[in-house]
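J.: What follows is query_5.txt, compact mmCIF, C-alpha atoms.
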```
# COMPACT_ATOMS: atom_id res chain seq x y z
CA MET M 60 141.64 191.24 136.25
CA THR M 61 143.26 188.02 137.48
CA LYS M 62 144.59 185.49 135.03
CA GLU M 63 141.66 183.24 135.94
CA GLU M 64 139.16 186.02 135.19
CA SER M 65 140.77 186.72 131.84
CA ARG M 66 139.60 183.34 130.58
CA PRO M 67 136.31 183.61 128.65
CA LEU M 68 133.23 182.56 130.61
CA VAL M 69 130.69 180.19 129.11
CA LEU M 70 127.23 179.83 130.64
CA ILE M 71 125.60 176.50 129.80
CA VAL M 72 121.84 176.51 130.31
CA ASP M 73 120.34 173.03 130.24
CA ASP M 74 118.32 171.04 132.74
CA SER M 75 120.13 167.78 132.07
CA PRO M 76 123.53 166.91 133.57
CA HIS M 77 123.88 164.57 130.57
CA VAL M 78 124.29 167.70 128.47
CA THR M 79 126.05 170.06 130.86
CA GLY M 80 128.56 167.46 132.18
CA PRO M 81 130.50 166.78 128.97
CA LEU M 82 130.24 170.41 127.83
CA ARG M 83 131.77 171.59 131.11
CA ILE M 84 134.71 169.22 130.62
CA LEU M 85 135.12 170.29 126.99
CA PHE M 86 135.19 174.04 127.68
CA GLU M 87 137.22 173.88 130.88
CA GLU M 88 139.83 171.65 129.27
CA THR M 89 140.14 174.09 126.36
CA GLY M 90 140.83 177.12 128.52
CA ARG M 91 137.40 178.56 129.29
CA ARG M 92 135.55 178.99 132.57
CA VAL M 93 132.10 177.42 132.86
CA VAL M 94 128.96 178.24 134.81
CA VAL M 95 125.90 176.00 134.61
CA ALA M 96 122.23 176.95 135.04
CA ASP M 97 119.29 174.57 134.85
CA SER M 98 116.30 176.92 134.66
CA ILE M 99 115.18 180.27 133.28
CA GLY M 100 115.50 181.93 136.70
CA SER M 101 118.97 180.57 137.45
CA ALA M 102 120.16 181.49 133.95
CA VAL M 103 119.02 185.10 134.39
CA ARG M 104 120.70 185.28 137.82
CA ALA M 105 123.92 183.77 136.41
CA CYS M 106 123.97 186.36 133.59
CA GLU M 107 123.49 189.21 136.07
CA ALA M 108 126.11 187.92 138.52
CA GLU M 109 128.74 186.47 136.21
CA ARG M 110 128.36 188.37 132.91
CA PRO M 111 129.22 185.39 130.67
CA ASP M 112 130.82 185.99 127.25
CA LEU M 113 128.86 183.15 125.68
CA MET M 114 125.57 181.52 126.63
CA LEU M 115 124.69 178.08 125.26
CA LEU M 116 120.95 177.91 125.73
CA ASP M 117 118.61 174.93 125.61
CA VAL M 118 115.28 176.11 124.26
CA SER M 119 113.29 173.61 126.25
CA LEU M 120 113.78 173.95 130.01
CA ALA M 121 111.82 172.33 132.82
CA ASP M 122 110.32 175.70 133.83
CA GLY M 123 109.49 176.92 130.33
CA ASP M 124 110.80 178.24 127.05
CA GLY M 125 114.58 178.80 127.26
CA LEU M 126 114.31 181.76 124.88
CA SER M 127 112.54 183.64 127.71
CA VAL M 128 116.02 184.26 129.15
CA LEU M 129 116.77 186.48 126.15
CA GLU M 130 113.44 188.22 126.45
CA ILE M 131 113.98 188.98 130.17
CA LEU M 132 117.53 190.29 129.59
CA HIS M 133 116.67 192.22 126.41
CA GLY M 134 118.43 195.59 126.36
CA ARG M 135 120.20 194.99 129.67
CA PRO M 136 123.99 194.89 130.12
CA ALA M 137 123.72 191.39 131.58
CA LEU M 138 122.71 190.03 128.15
CA PRO M 139 125.66 187.91 126.96
CA ALA M 140 127.45 189.15 123.83
CA VAL M 141 126.73 185.84 122.09
CA THR M 142 123.92 183.38 122.69
CA VAL M 143 123.72 180.12 120.79
CA ALA M 144 120.72 177.81 120.96
CA LEU M 145 121.32 174.13 121.52
CA THR M 146 118.20 172.20 120.65
CA GLY M 147 116.88 168.71 120.17
CA HIS M 148 115.02 169.82 117.02
CA ASP M 149 116.47 171.78 114.14
CA ASP M 150 113.27 172.09 112.15
CA GLU M 151 112.81 175.35 110.30
CA LEU M 152 110.25 176.70 112.78
CA THR M 153 112.58 176.21 115.77
CA VAL M 154 115.52 177.71 113.89
CA GLN M 155 113.52 180.79 112.87
CA ARG M 156 112.19 181.26 116.41
CA CYS M 157 115.70 181.10 117.93
CA LEU M 158 117.21 183.50 115.39
CA ALA M 159 114.32 185.94 115.84
CA ALA M 160 114.90 185.85 119.63
CA GLY M 161 118.51 186.95 119.11
CA CYS M 162 120.51 183.71 118.97
CA ARG M 163 123.68 183.92 116.87
CA ASP M 164 123.33 180.30 115.78
CA VAL M 165 121.19 177.21 116.32
CA LEU M 166 122.91 173.87 116.80
CA LEU M 167 121.39 170.40 117.06
CA LYS M 168 122.37 168.31 120.08
CA PRO M 169 124.65 166.46 120.23
CA VAL M 170 126.84 169.03 118.49
CA PRO M 171 130.00 167.29 117.21
CA VAL M 172 132.84 168.32 119.52
CA ARG M 173 135.01 169.47 116.61
CA ASP M 174 132.23 171.75 115.34
CA LEU M 175 131.66 173.14 118.83
CA LEU M 176 135.34 173.99 119.31
CA ARG M 177 135.56 175.57 115.86
CA HIS M 178 132.46 177.69 116.55
CA ALA M 179 133.66 178.58 120.06
CA ALA M 180 136.82 180.08 118.60
CA GLU M 181 134.62 182.44 116.54
CA TRP M 182 132.19 183.22 119.35
CA LEU M 183 134.82 183.80 122.04
CA PRO M 184 137.53 186.23 121.00
CA GLU M 185 140.35 185.68 123.47
CA ARG M 186 140.50 188.27 126.23
CA ILE M 187 143.69 190.17 126.84
CA ALA M 188 144.86 189.47 130.36
CA SER M 189 145.50 192.70 132.19
CA ALA M 190 146.57 191.11 135.44
CA MET X 81 81.92 142.18 126.09
CA THR X 82 81.67 138.73 124.46
CA ALA X 83 78.40 138.04 126.32
CA ARG X 84 76.92 141.32 125.05
CA MET X 85 77.98 140.51 121.50
CA ASP X 86 76.44 137.00 121.79
CA GLU X 87 73.27 138.54 123.08
CA GLY X 88 73.23 140.93 120.16
CA THR X 89 73.95 138.14 117.68
CA ASN X 90 71.02 136.00 119.00
CA ALA X 91 68.68 138.94 118.77
CA LEU X 92 69.65 139.31 115.13
CA GLU X 93 68.34 135.79 114.29
CA PRO X 94 65.55 135.89 111.68
CA SER X 95 63.10 134.47 114.26
CA ALA X 96 63.37 137.60 116.39
CA SER X 97 60.94 140.44 115.83
CA VAL X 98 61.95 143.41 113.67
CA GLU X 99 61.93 145.71 116.72
CA THR X 100 64.19 143.33 118.66
CA ARG X 101 66.56 143.08 115.71
CA LEU X 102 66.64 146.85 115.23
CA ALA X 103 67.33 147.36 118.95
CA ALA X 104 70.09 144.76 118.81
CA LEU X 105 71.62 146.42 115.75
CA GLU X 106 71.56 149.78 117.50
CA LEU X 107 73.20 148.20 120.56
CA ALA X 108 75.91 146.64 118.39
CA HIS X 109 76.43 149.96 116.60
CA GLN X 110 76.86 151.84 119.90
CA HIS X 111 79.19 149.15 121.13
CA ALA X 112 81.33 149.40 117.96
CA LEU X 113 81.50 153.20 118.32
CA ARG X 114 82.74 152.87 121.90
CA GLU X 115 85.33 150.30 120.81
CA ILE X 116 86.57 152.59 118.03
CA ALA X 117 86.85 155.52 120.44
CA GLU X 118 88.76 153.38 122.92
CA LEU X 119 91.15 152.07 120.25
CA LYS X 120 91.76 155.59 118.96
CA GLY X 121 92.51 156.71 122.51
CA ARG X 122 94.99 153.87 122.98
CA ASP X 123 96.62 154.63 119.62
CA THR X 124 97.05 158.28 120.64
CA LEU X 125 98.62 157.19 123.94
CA LYS X 126 100.99 154.83 122.09
CA THR X 127 102.01 157.59 119.70
CA GLN X 128 102.57 160.03 122.55
CA PHE X 129 104.60 157.42 124.41
CA LEU X 130 106.77 156.89 121.32
CA ALA X 131 107.33 160.64 120.99
CA ASN X 132 108.19 161.06 124.68
CA ILE X 133 110.49 158.08 124.93
CA SER X 134 112.31 159.02 121.72
CA HIS X 135 112.89 162.53 123.02
CA ASP X 136 114.11 161.25 126.37
CA LEU X 137 116.45 158.72 124.75
CA ARG X 138 118.26 161.48 122.90
CA THR X 139 119.56 163.15 126.07
CA PRO X 140 121.68 160.31 127.53
CA LEU X 141 122.80 159.48 124.00
CA THR X 142 124.04 163.05 123.71
CA ALA X 143 126.16 162.48 126.83
CA ILE X 144 127.63 159.21 125.51
CA ILE X 145 128.54 160.68 122.14
CA THR X 146 129.96 163.96 123.47
CA HIS X 147 132.07 162.28 126.16
CA ALA X 148 133.41 159.82 123.57
CA GLU X 149 134.25 162.65 121.13
CA ILE X 150 136.12 164.50 123.89
CA LEU X 151 138.23 161.37 124.37
CA ARG X 152 138.65 160.81 120.62
CA ASP X 153 139.89 164.36 120.04
CA GLY X 154 142.58 163.97 122.69
CA ILE X 155 141.19 166.76 124.88
CA LEU X 156 141.87 164.65 127.97
CA GLY X 157 145.13 163.21 126.63
CA GLU X 158 146.29 161.26 123.61
CA LEU X 159 144.82 157.79 123.05
CA SER X 160 146.60 154.71 121.75
CA ALA X 161 145.56 153.45 118.31
CA ARG X 162 143.43 150.68 119.85
CA GLN X 163 141.79 153.08 122.33
CA HIS X 164 141.05 155.38 119.41
CA GLU X 165 139.46 152.53 117.50
CA SER X 166 137.34 151.55 120.49
CA VAL X 167 136.14 155.11 121.13
CA ALA X 168 135.36 155.51 117.43
CA GLY X 169 133.13 152.44 117.80
CA ILE X 170 131.21 154.09 120.65
CA ILE X 171 130.71 157.22 118.56
CA GLY X 172 129.67 155.31 115.43
CA GLY X 173 127.18 153.18 117.37
CA GLY X 174 125.87 156.17 119.28
CA ARG X 175 125.31 158.24 116.13
CA ARG X 176 123.51 155.33 114.42
CA LEU X 177 121.28 154.87 117.46
CA LEU X 178 120.58 158.58 117.48
CA GLU X 179 119.47 158.43 113.83
CA MET X 180 117.09 155.58 114.63
CA VAL X 181 115.64 157.40 117.64
CA GLY X 182 115.20 160.46 115.41
CA GLU X 183 113.27 158.35 112.88
CA ILE X 184 110.93 157.04 115.59
CA LEU X 185 110.36 160.59 116.84
CA THR X 186 109.59 161.84 113.33
CA TYR X 187 107.22 158.93 112.77
CA ALA X 188 105.43 159.56 116.09
CA ARG X 189 105.01 163.24 115.25
CA GLY X 190 103.70 162.33 111.81
CA ALA X 191 101.22 159.85 113.29
CA ALA X 192 100.02 162.53 115.72
CA ASN X 193 99.74 165.07 112.88
CA GLN X 194 102.38 167.19 114.59
CA LEU X 195 104.74 167.37 111.62
CA GLU X 196 104.86 170.79 110.05
CA ILE X 197 106.68 171.99 106.98
CA VAL X 198 108.07 175.45 106.32
CA PRO X 199 108.44 175.56 102.54
CA THR X 200 110.74 177.94 100.68
CA GLU X 201 112.27 177.93 97.19
CA VAL X 202 114.84 175.15 97.27
CA ALA X 203 117.36 174.08 94.61
CA VAL X 204 116.80 170.35 94.55
CA GLY X 205 120.31 169.75 93.15
CA ASP X 206 121.88 171.35 96.23
CA VAL X 207 119.95 169.06 98.57
CA ILE X 208 120.83 165.99 96.46
CA GLU X 209 124.50 167.02 96.71
CA GLN X 210 124.20 167.48 100.50
CA VAL X 211 122.72 163.98 100.87
CA ARG X 212 125.32 162.52 98.48
CA ARG X 213 128.13 163.91 100.64
CA LEU X 214 126.57 162.42 103.79
CA ASN X 215 126.50 158.99 102.14
CA GLU X 216 129.89 159.23 100.42
CA SER X 217 131.75 156.96 102.82
CA LEU X 218 129.05 154.25 102.69
CA VAL X 219 129.07 154.32 98.89
CA ALA X 220 132.86 154.02 98.86
CA ARG X 221 132.85 151.19 101.41
CA LYS X 222 130.44 149.13 99.27
CA GLU X 223 132.25 150.15 96.07
CA LEU X 224 128.97 151.31 94.54
CA CYS X 225 128.72 153.51 91.49
CA LEU X 226 126.55 156.52 92.48
CA GLU X 227 125.32 158.66 89.62
CA ILE X 228 123.60 162.03 90.11
CA GLN X 229 121.76 163.73 87.24
CA VAL X 230 119.87 166.97 87.66
CA ALA X 231 118.58 168.27 84.33
CA PRO X 232 119.63 171.90 83.72
CA GLU X 233 116.03 173.06 83.23
CA VAL X 234 114.91 171.70 86.62
CA PRO X 235 113.27 174.60 88.52
CA HIS X 236 113.45 175.20 92.25
CA VAL X 237 110.94 173.24 94.29
CA TRP X 238 108.61 174.71 96.90
CA ALA X 239 109.70 172.58 99.84
CA ASP X 240 111.00 172.42 103.38
CA ARG X 241 114.72 171.96 102.79
CA GLU X 242 115.36 169.84 105.88
CA LYS X 243 112.37 167.57 105.16
CA LEU X 244 113.46 167.17 101.52
CA ALA X 245 116.91 166.11 102.77
CA HIS X 246 115.17 163.64 105.08
CA ILE X 247 113.15 162.11 102.20
CA LEU X 248 116.23 161.83 99.96
CA GLY X 249 118.34 160.51 102.84
CA ASN X 250 115.86 157.72 103.57
CA LEU X 251 115.51 156.70 99.91
CA LEU X 252 119.22 156.86 99.14
CA GLY X 253 120.05 155.08 102.41
CA ASN X 254 117.72 152.21 101.43
CA ALA X 255 119.15 152.08 97.89
CA ILE X 256 122.68 151.76 99.28
CA ASP X 257 121.64 149.27 101.95
CA PHE X 258 119.78 146.94 99.57
CA THR X 259 122.35 146.99 96.76
CA PRO X 260 125.20 144.46 96.87
CA SER X 261 128.80 145.65 96.61
CA GLY X 262 129.82 146.83 93.17
CA GLY X 263 126.22 147.72 92.18
CA ARG X 264 124.72 150.93 90.81
CA VAL X 265 122.71 153.60 92.62
CA TRP X 266 121.39 156.78 91.05
CA VAL X 267 119.44 159.95 91.76
CA HIS X 268 117.85 161.81 88.85
CA ALA X 269 115.74 164.96 88.90
CA THR X 270 113.64 166.15 85.96
CA ALA X 271 111.02 168.85 85.40
CA ARG X 272 107.40 167.80 84.81
CA HIS X 273 104.61 169.95 83.45
CA GLU X 274 101.52 169.02 85.41
CA SER X 275 98.19 170.53 86.24
CA PRO X 276 97.46 172.48 88.43
CA ARG X 277 101.14 172.94 89.38
CA ASP X 278 104.39 172.01 87.66
CA THR X 279 106.45 169.54 89.63
CA VAL X 280 109.95 168.16 89.82
CA LEU X 281 110.22 164.39 89.58
CA VAL X 282 113.00 162.81 91.61
CA GLU X 283 114.02 159.21 91.00
CA VAL X 284 116.19 157.26 93.43
CA GLY X 285 117.12 153.95 91.83
CA ASP X 286 119.37 151.00 92.43
CA SER X 287 120.46 147.74 90.84
CA GLY X 288 119.87 145.92 94.15
CA ILE X 289 117.76 143.02 95.33
CA GLY X 290 114.42 144.52 94.25
CA ILE X 291 110.94 144.15 95.75
CA ALA X 292 108.21 141.74 94.64
CA ALA X 293 105.05 143.44 93.31
CA ASP X 294 102.88 142.15 96.17
CA HIS X 295 105.11 144.00 98.65
CA HIS X 296 104.98 147.40 96.93
CA GLU X 297 102.27 148.74 99.23
CA LEU X 298 103.44 146.88 102.36
CA ILE X 299 106.84 148.58 102.43
CA PHE X 300 105.24 152.01 102.93
CA GLN X 301 103.49 150.78 106.08
CA GLU X 302 105.05 151.51 109.46
CA PHE X 303 107.47 148.99 110.94
CA ALA X 304 107.16 146.80 107.82
CA GLN X 305 110.16 145.06 106.33
CA VAL X 306 109.77 142.55 103.55
CA ASP X 307 111.99 140.14 105.50
CA ALA X 308 110.81 140.56 109.08
CA SER X 309 112.63 137.46 110.38
CA ALA X 310 115.09 137.74 113.24
CA SER X 311 117.87 136.69 110.86
CA ARG X 312 117.11 139.45 108.37
CA GLN X 313 120.16 141.08 106.85
CA HIS X 314 118.88 144.65 106.65
CA HIS X 315 118.27 146.38 109.93
CA GLY X 316 116.55 149.60 110.84
CA THR X 317 113.38 150.95 112.32
CA GLY X 318 111.25 149.96 109.33
CA LEU X 319 109.95 153.54 109.30
CA GLY X 320 112.04 155.14 106.56
CA LEU X 321 109.56 154.76 103.72
CA THR X 322 106.52 155.52 105.92
CA ILE X 323 108.19 158.79 106.89
CA ALA X 324 109.26 159.53 103.31
CA ARG X 325 105.68 159.06 102.10
CA ARG X 326 104.24 161.24 104.86
CA LEU X 327 106.75 164.02 104.16
CA VAL X 328 106.17 163.90 100.40
CA GLU X 329 102.40 164.03 100.93
CA LEU X 330 102.75 166.97 103.35
CA HIS X 331 104.31 168.84 100.42
CA GLY X 332 101.39 167.89 98.20
CA GLY X 333 103.51 165.43 96.20
CA ARG X 334 103.26 161.72 95.36
CA ILE X 335 105.63 158.81 95.95
CA TRP X 336 105.64 155.40 94.28
CA LEU X 337 107.97 152.69 93.12
CA GLU X 338 108.71 150.39 90.21
CA SER X 339 110.53 147.23 91.14
CA GLU X 340 110.84 143.52 90.53
CA LEU X 341 112.50 140.96 92.72
CA GLY X 342 116.14 140.64 91.71
CA ARG X 343 115.96 143.51 89.21
CA GLY X 344 116.55 146.58 91.33
CA SER X 345 114.15 149.29 92.48
CA ARG X 346 113.22 152.77 91.28
CA PHE X 347 111.50 155.05 93.77
CA PHE X 348 109.89 158.21 92.41
CA PHE X 349 108.49 161.25 94.13
CA THR X 350 107.18 164.60 92.97
CA LEU X 351 107.40 168.00 94.62
CA PRO X 352 105.59 171.17 93.57
CA THR X 353 107.52 174.11 92.13
CA GLN X 354 105.04 176.71 93.39
CA PRO X 355 103.03 177.29 96.56
CA GLN X 356 99.48 175.97 96.51
CA PRO X 357 97.21 178.54 94.85
```
Go through the file and emit its structure as structure tokens.
T.:
Amino acid sequence: MTKEESRPLVLIVDDSPHVTGPLRILFEETGRRVVVADSIGSAVRACEAERPDLMLLDVSLADGDGLSVLEILHGRPALPAVTVALTGHDDELTVQRCLAAGCRDVLLKPVPVRDLLRHAAEWLPERIASA
Amino acid sequence: MTARMDEGTNALEPSASVETRLAALELAHQHALREIAELKGRDTLKTQFLANISHDLRTPLTAIITHAEILRDGILGELSARQHESVAGIIGGGRRLLEMVGEILTYARGAANQLEIVPTEVAVGDVIEQVRRLNESLVARKELCLEIQVAPEVPHVWADREKLAHILGNLLGNAIDFTPSGGRVWVHATARHESPRDTVLVEVGDSGIGIAADHHELIFQEFAQVDASASRQHHGTGLGLTIARRLVELHGGRIWLESELGRGSRFFFTLPTQPQP
């Protein structure tokens, strides 16, 4: 494993660059690698190819329900260890639906940067570089 | 349309035969039904537009706020004190705008009957405390005295926790906004034995500017503000109380107020303690 590969990988699934842009800066500047997907299909492919440690998942994507990604990857090794839903609505129904689908947490956009970094430290145990 | 109405009106003159007048009445009735249907259709479109635009406004706002917070937290390098102050202004303004967009979205969903509640047993005191903490800095800035009283015998309410926080947030926000510096604001909760279900009565009161009796109903209407002039001192969407009433009623509760101009306001609402039988 190279030093680069030892950095945790975050997959951000959202169809708006307004969301993915600042999150990419935030995670890359704090020592993580970032991959972005903007649809259910590209998110599934990114999970299979990149094996992210954390997936931040918008529940409402242009091509359907973001939670489908979890359904498609259910029981497969490509399923990220931690998935967190980022949503525009944190009503009880949405929260329950996300938790039932396997999300570790449900956060309302825009998530305060300080909260996101604090959570990320819990979700992403640092890898031990073997390179 | 005017010509058809005139035609109908002439036919309704007493000199016209009964058959002619009946036919004209039927025509007018059909016309009114079509007008109502058209207006309802337009109202639905307006509501849907509000919901869509509010949702779409949130996304670029998310970008503005997150980028600004990245700068504020020094992730891209330390800022000078003045830069910090300026970025804090972007964040403060962005968060306020986000709240207002959220209110419009909630209102639009309510108007389209798309608001749903997921009730559970909720300790009303916990939610009051949560809303108090959110408003702490505003209370301190205006040097208000905020008093919270939850009677020990108050039972849990059967409510959607997030919606209850929304109701309390809107009422407490108004109380703070409309009370001059140094004034008093309070939130009290007491148990009430009522038929068919017991309720908890929550009072959000203030020693602020008060509301004249002839405005007591108006303020619950959408977009209404007692002072609607461009120079008005209190700004907002004018939806807070409309939303509060809709949310209380969704729970099967009631909301009302007691107030006089210059003598403060007391808003009351009830929430059930049990699910509907």
J.: So what do you get for atom CA of M:Leu158 versus atom CA of M:Leu70, distance-wise?
T.: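 Spanning atom CA of M:Leu158 to atom CA of M:Leu70 is a straight-line distance of 18.6 Å.
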J.: Wanna dump the chain M-chain X contacts at 8 Å for me, each residue with its shortest atom pair and the distance in Å to one decimal, counting all atoms listed in the file, ordered by chain and number, as CSV?
T.:
```
residue,atom,partner,partner_atom,distance
M:Ser75,CA,X:Thr139,CA,7.6
M:His77,CA,X:Ala143,CA,4.9
M:Val78,CA,X:Ala143,CA,5.8
M:Gly80,CA,X:Ala143,CA,7.7
M:Pro81,CA,X:His147,CA,5.5
M:Leu82,CA,X:Thr146,CA,7.8
M:Leu85,CA,X:Ile150,CA,6.6
M:Glu88,CA,X:Ile155,CA,6.7
M:Thr89,CA,X:Ile155,CA,7.6
M:Gly147,CA,X:Arg138,CA,7.9
M:Asp150,CA,X:Glu242,CA,7.0
M:Glu151,CA,X:Val198,CA,6.2
M:Leu152,CA,X:Val198,CA,6.9
M:Lys168,CA,X:Thr142,CA,6.6
M:Pro169,CA,X:Thr142,CA,4.9
M:Val170,CA,X:Thr146,CA,7.8
M:Pro171,CA,X:Thr146,CA,7.1
M:Val172,CA,X:Glu149,CA,6.1
M:Arg173,CA,X:Asp153,CA,7.9
```
J.: Find the residues near X:Asn193: any atom within 12 Å, counting only C-alpha atoms, skip ones fewer than 3 places away on the same chain, and give them as a list in words.
T.: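 Once the adjacent positions are removed, what remains is Thr124, Thr127, Gln128, Ala131, Thr186, Tyr187, Ala188, Arg189, Gly190, Glu196, Ile197, Arg326, Leu327 and Leu330 of chain X.
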J.: Fewer than 6 positions away in the same chain doesn't count, so skip those; otherwise give me all residues within 9 Å of stretch 104-114 of chain M, counting only C-alpha atoms, as a ChimeraX atom specification.
T.: /M:67-72,93-96,132,136-144,179,182-183
J.: So what do you get for atom CA of M:Ile84 versus atom CA of M:Leu175, distance-wise?
T.: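 These atoms are spaced 12.8 Å apart.
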J.: Just to confirm, what's the straight-line distance from atom CA of X:Leu252 to atom CA of X:Leu218 in Å (one decimal)?
T.: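 Interatomic distance here is 10.8 Å.
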J.: From the options M:Leu176, M:Val165, M:Val103, M:Ala160, which residue's atoms come nearest to M:Ile131, counting all atoms listed in the file?
T.: M:Val103
J.: I'd like the box whose edges run along x, y and z of the file and which contains every listed atom of stretch 168-171 of chain M, padded by 3 Å per side; could you state its centre and edge lengths in Å, one decimal, as JSON?
T.:
```
{"center_x": 126.2, "center_y": 167.7, "center_z": 118.7, "size_x": 13.6, "size_y": 8.6, "size_z": 9.0}
```
J.: Here is a test: counting all atoms listed in the file, which residue of M:Gln155, M:Thr146, M:Thr79, M:Ser65 is nearest to M:Asp117?
T.: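 Under the stated criterion, the closest residue is M:Thr146.
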J.: Find the spatial neighbours of stretch 331-348 of chain X, counting all atoms listed in the file, within a cut-off of 8 Å - ignore same-chain residues fewer than 5 positions away - and output them as a compact mmCIF listing (two decimals) with C-alpha atoms, keeping the file's coordinate frame.
T.:
```txt
# COMPACT_ATOMS: atom_id res chain seq x y z
CA ILE X 197 106.68 171.99 106.98
CA ALA X 239 109.70 172.58 99.84
CA LEU X 251 115.51 156.70 99.91
CA ALA X 255 119.15 152.08 97.89
CA THR X 259 122.35 146.99 96.76
CA LEU X 281 110.22 164.39 89.58
CA VAL X 282 113.00 162.81 91.61
CA GLU X 283 114.02 159.21 91.00
CA VAL X 284 116.19 157.26 93.43
CA GLY X 285 117.12 153.95 91.83
CA ASP X 286 119.37 151.00 92.43
CA SER X 287 120.46 147.74 90.84
CA GLY X 288 119.87 145.92 94.15
CA ILE X 289 117.76 143.02 95.33
CA GLY X 290 114.42 144.52 94.25
CA ILE X 291 110.94 144.15 95.75
CA ALA X 292 108.21 141.74 94.64
CA ALA X 293 105.05 143.44 93.31
CA HIS X 296 104.98 147.40 96.93
CA ARG X 325 105.68 159.06 102.10
```
J.: Dump N, CA and C atoms of stretch 170-183 of chain M from the given block, as a PDB file, in the first residue's frame.
T.:
```pdb
ATOM      1  N   VAL M 170     -24.336  20.437   6.473  1.00  0.00           N
ATOM      2  CA  VAL M 170     -23.835  19.979   7.770  1.00  0.00           C
ATOM      3  C   VAL M 170     -22.732  20.960   8.195  1.00  0.00           C
ATOM      4  N   PRO M 171     -22.812  21.512   9.415  1.00  0.00           N
ATOM      5  CA  PRO M 171     -21.738  22.405   9.847  1.00  0.00           C
ATOM      6  C   PRO M 171     -20.386  21.699   9.734  1.00  0.00           C
ATOM      7  N   VAL M 172     -19.402  22.409   9.176  1.00  0.00           N
ATOM      8  CA  VAL M 172     -18.094  21.816   8.902  1.00  0.00           C
ATOM      9  C   VAL M 172     -17.491  21.189  10.166  1.00  0.00           C
ATOM     10  N   ARG M 173     -17.636  21.870  11.283  1.00  0.00           N
ATOM     11  CA  ARG M 173     -17.055  21.335  12.533  1.00  0.00           C
ATOM     12  C   ARG M 173     -17.697  19.998  12.897  1.00  0.00           C
ATOM     13  N   ASP M 174     -19.012  19.907  12.710  1.00  0.00           N
ATOM     14  CA  ASP M 174     -19.711  18.638  13.018  1.00  0.00           C
ATOM     15  C   ASP M 174     -19.225  17.543  12.074  1.00  0.00           C
ATOM     16  N   LEU M 175     -19.070  17.905  10.808  1.00  0.00           N
ATOM     17  CA  LEU M 175     -18.670  16.916   9.805  1.00  0.00           C
ATOM     18  C   LEU M 175     -17.273  16.369  10.116  1.00  0.00           C
ATOM     19  N   LEU M 176     -16.367  17.247  10.514  1.00  0.00           N
ATOM     20  CA  LEU M 176     -15.003  16.793  10.823  1.00  0.00           C
ATOM     21  C   LEU M 176     -14.995  15.925  12.083  1.00  0.00           C
ATOM     22  N   ARG M 177     -15.811  16.329  13.057  1.00  0.00           N
ATOM     23  CA  ARG M 177     -15.873  15.543  14.298  1.00  0.00           C
ATOM     24  C   ARG M 177     -16.418  14.137  14.002  1.00  0.00           C
ATOM     25  N   HIS M 178     -17.502  14.092  13.213  1.00  0.00           N
ATOM     26  CA  HIS M 178     -18.084  12.798  12.851  1.00  0.00           C
ATOM     27  C   HIS M 178     -17.088  11.981  12.031  1.00  0.00           C
ATOM     28  N   ALA M 179     -16.410  12.643  11.076  1.00  0.00           N
ATOM     29  CA  ALA M 179     -15.501  11.920  10.181  1.00  0.00           C
ATOM     30  C   ALA M 179     -14.417  11.209  10.975  1.00  0.00           C
ATOM     31  N   ALA M 180     -13.982  11.825  12.057  1.00  0.00           N
ATOM     32  CA  ALA M 180     -12.951  11.198  12.884  1.00  0.00           C
ATOM     33  C   ALA M 180     -13.469   9.885  13.500  1.00  0.00           C
ATOM     34  N   GLU M 181     -14.785   9.838  13.772  1.00  0.00           N
ATOM     35  CA  GLU M 181     -15.370   8.594  14.326  1.00  0.00           C
ATOM     36  C   GLU M 181     -15.588   7.572  13.207  1.00  0.00           C
ATOM     37  N   TRP M 182     -16.031   8.065  12.044  1.00  0.00           N
ATOM     38  CA  TRP M 182     -16.367   7.137  10.964  1.00  0.00           C
ATOM     39  C   TRP M 182     -15.126   6.547  10.301  1.00  0.00           C
ATOM     40  N   LEU M 183     -14.031   7.311  10.303  1.00  0.00           N
ATOM     41  CA  LEU M 183     -12.856   6.912   9.532  1.00  0.00           C
ATOM     42  C   LEU M 183     -11.667   6.634  10.438  1.00  0.00           C
TER      43      LEU M 183
END
```
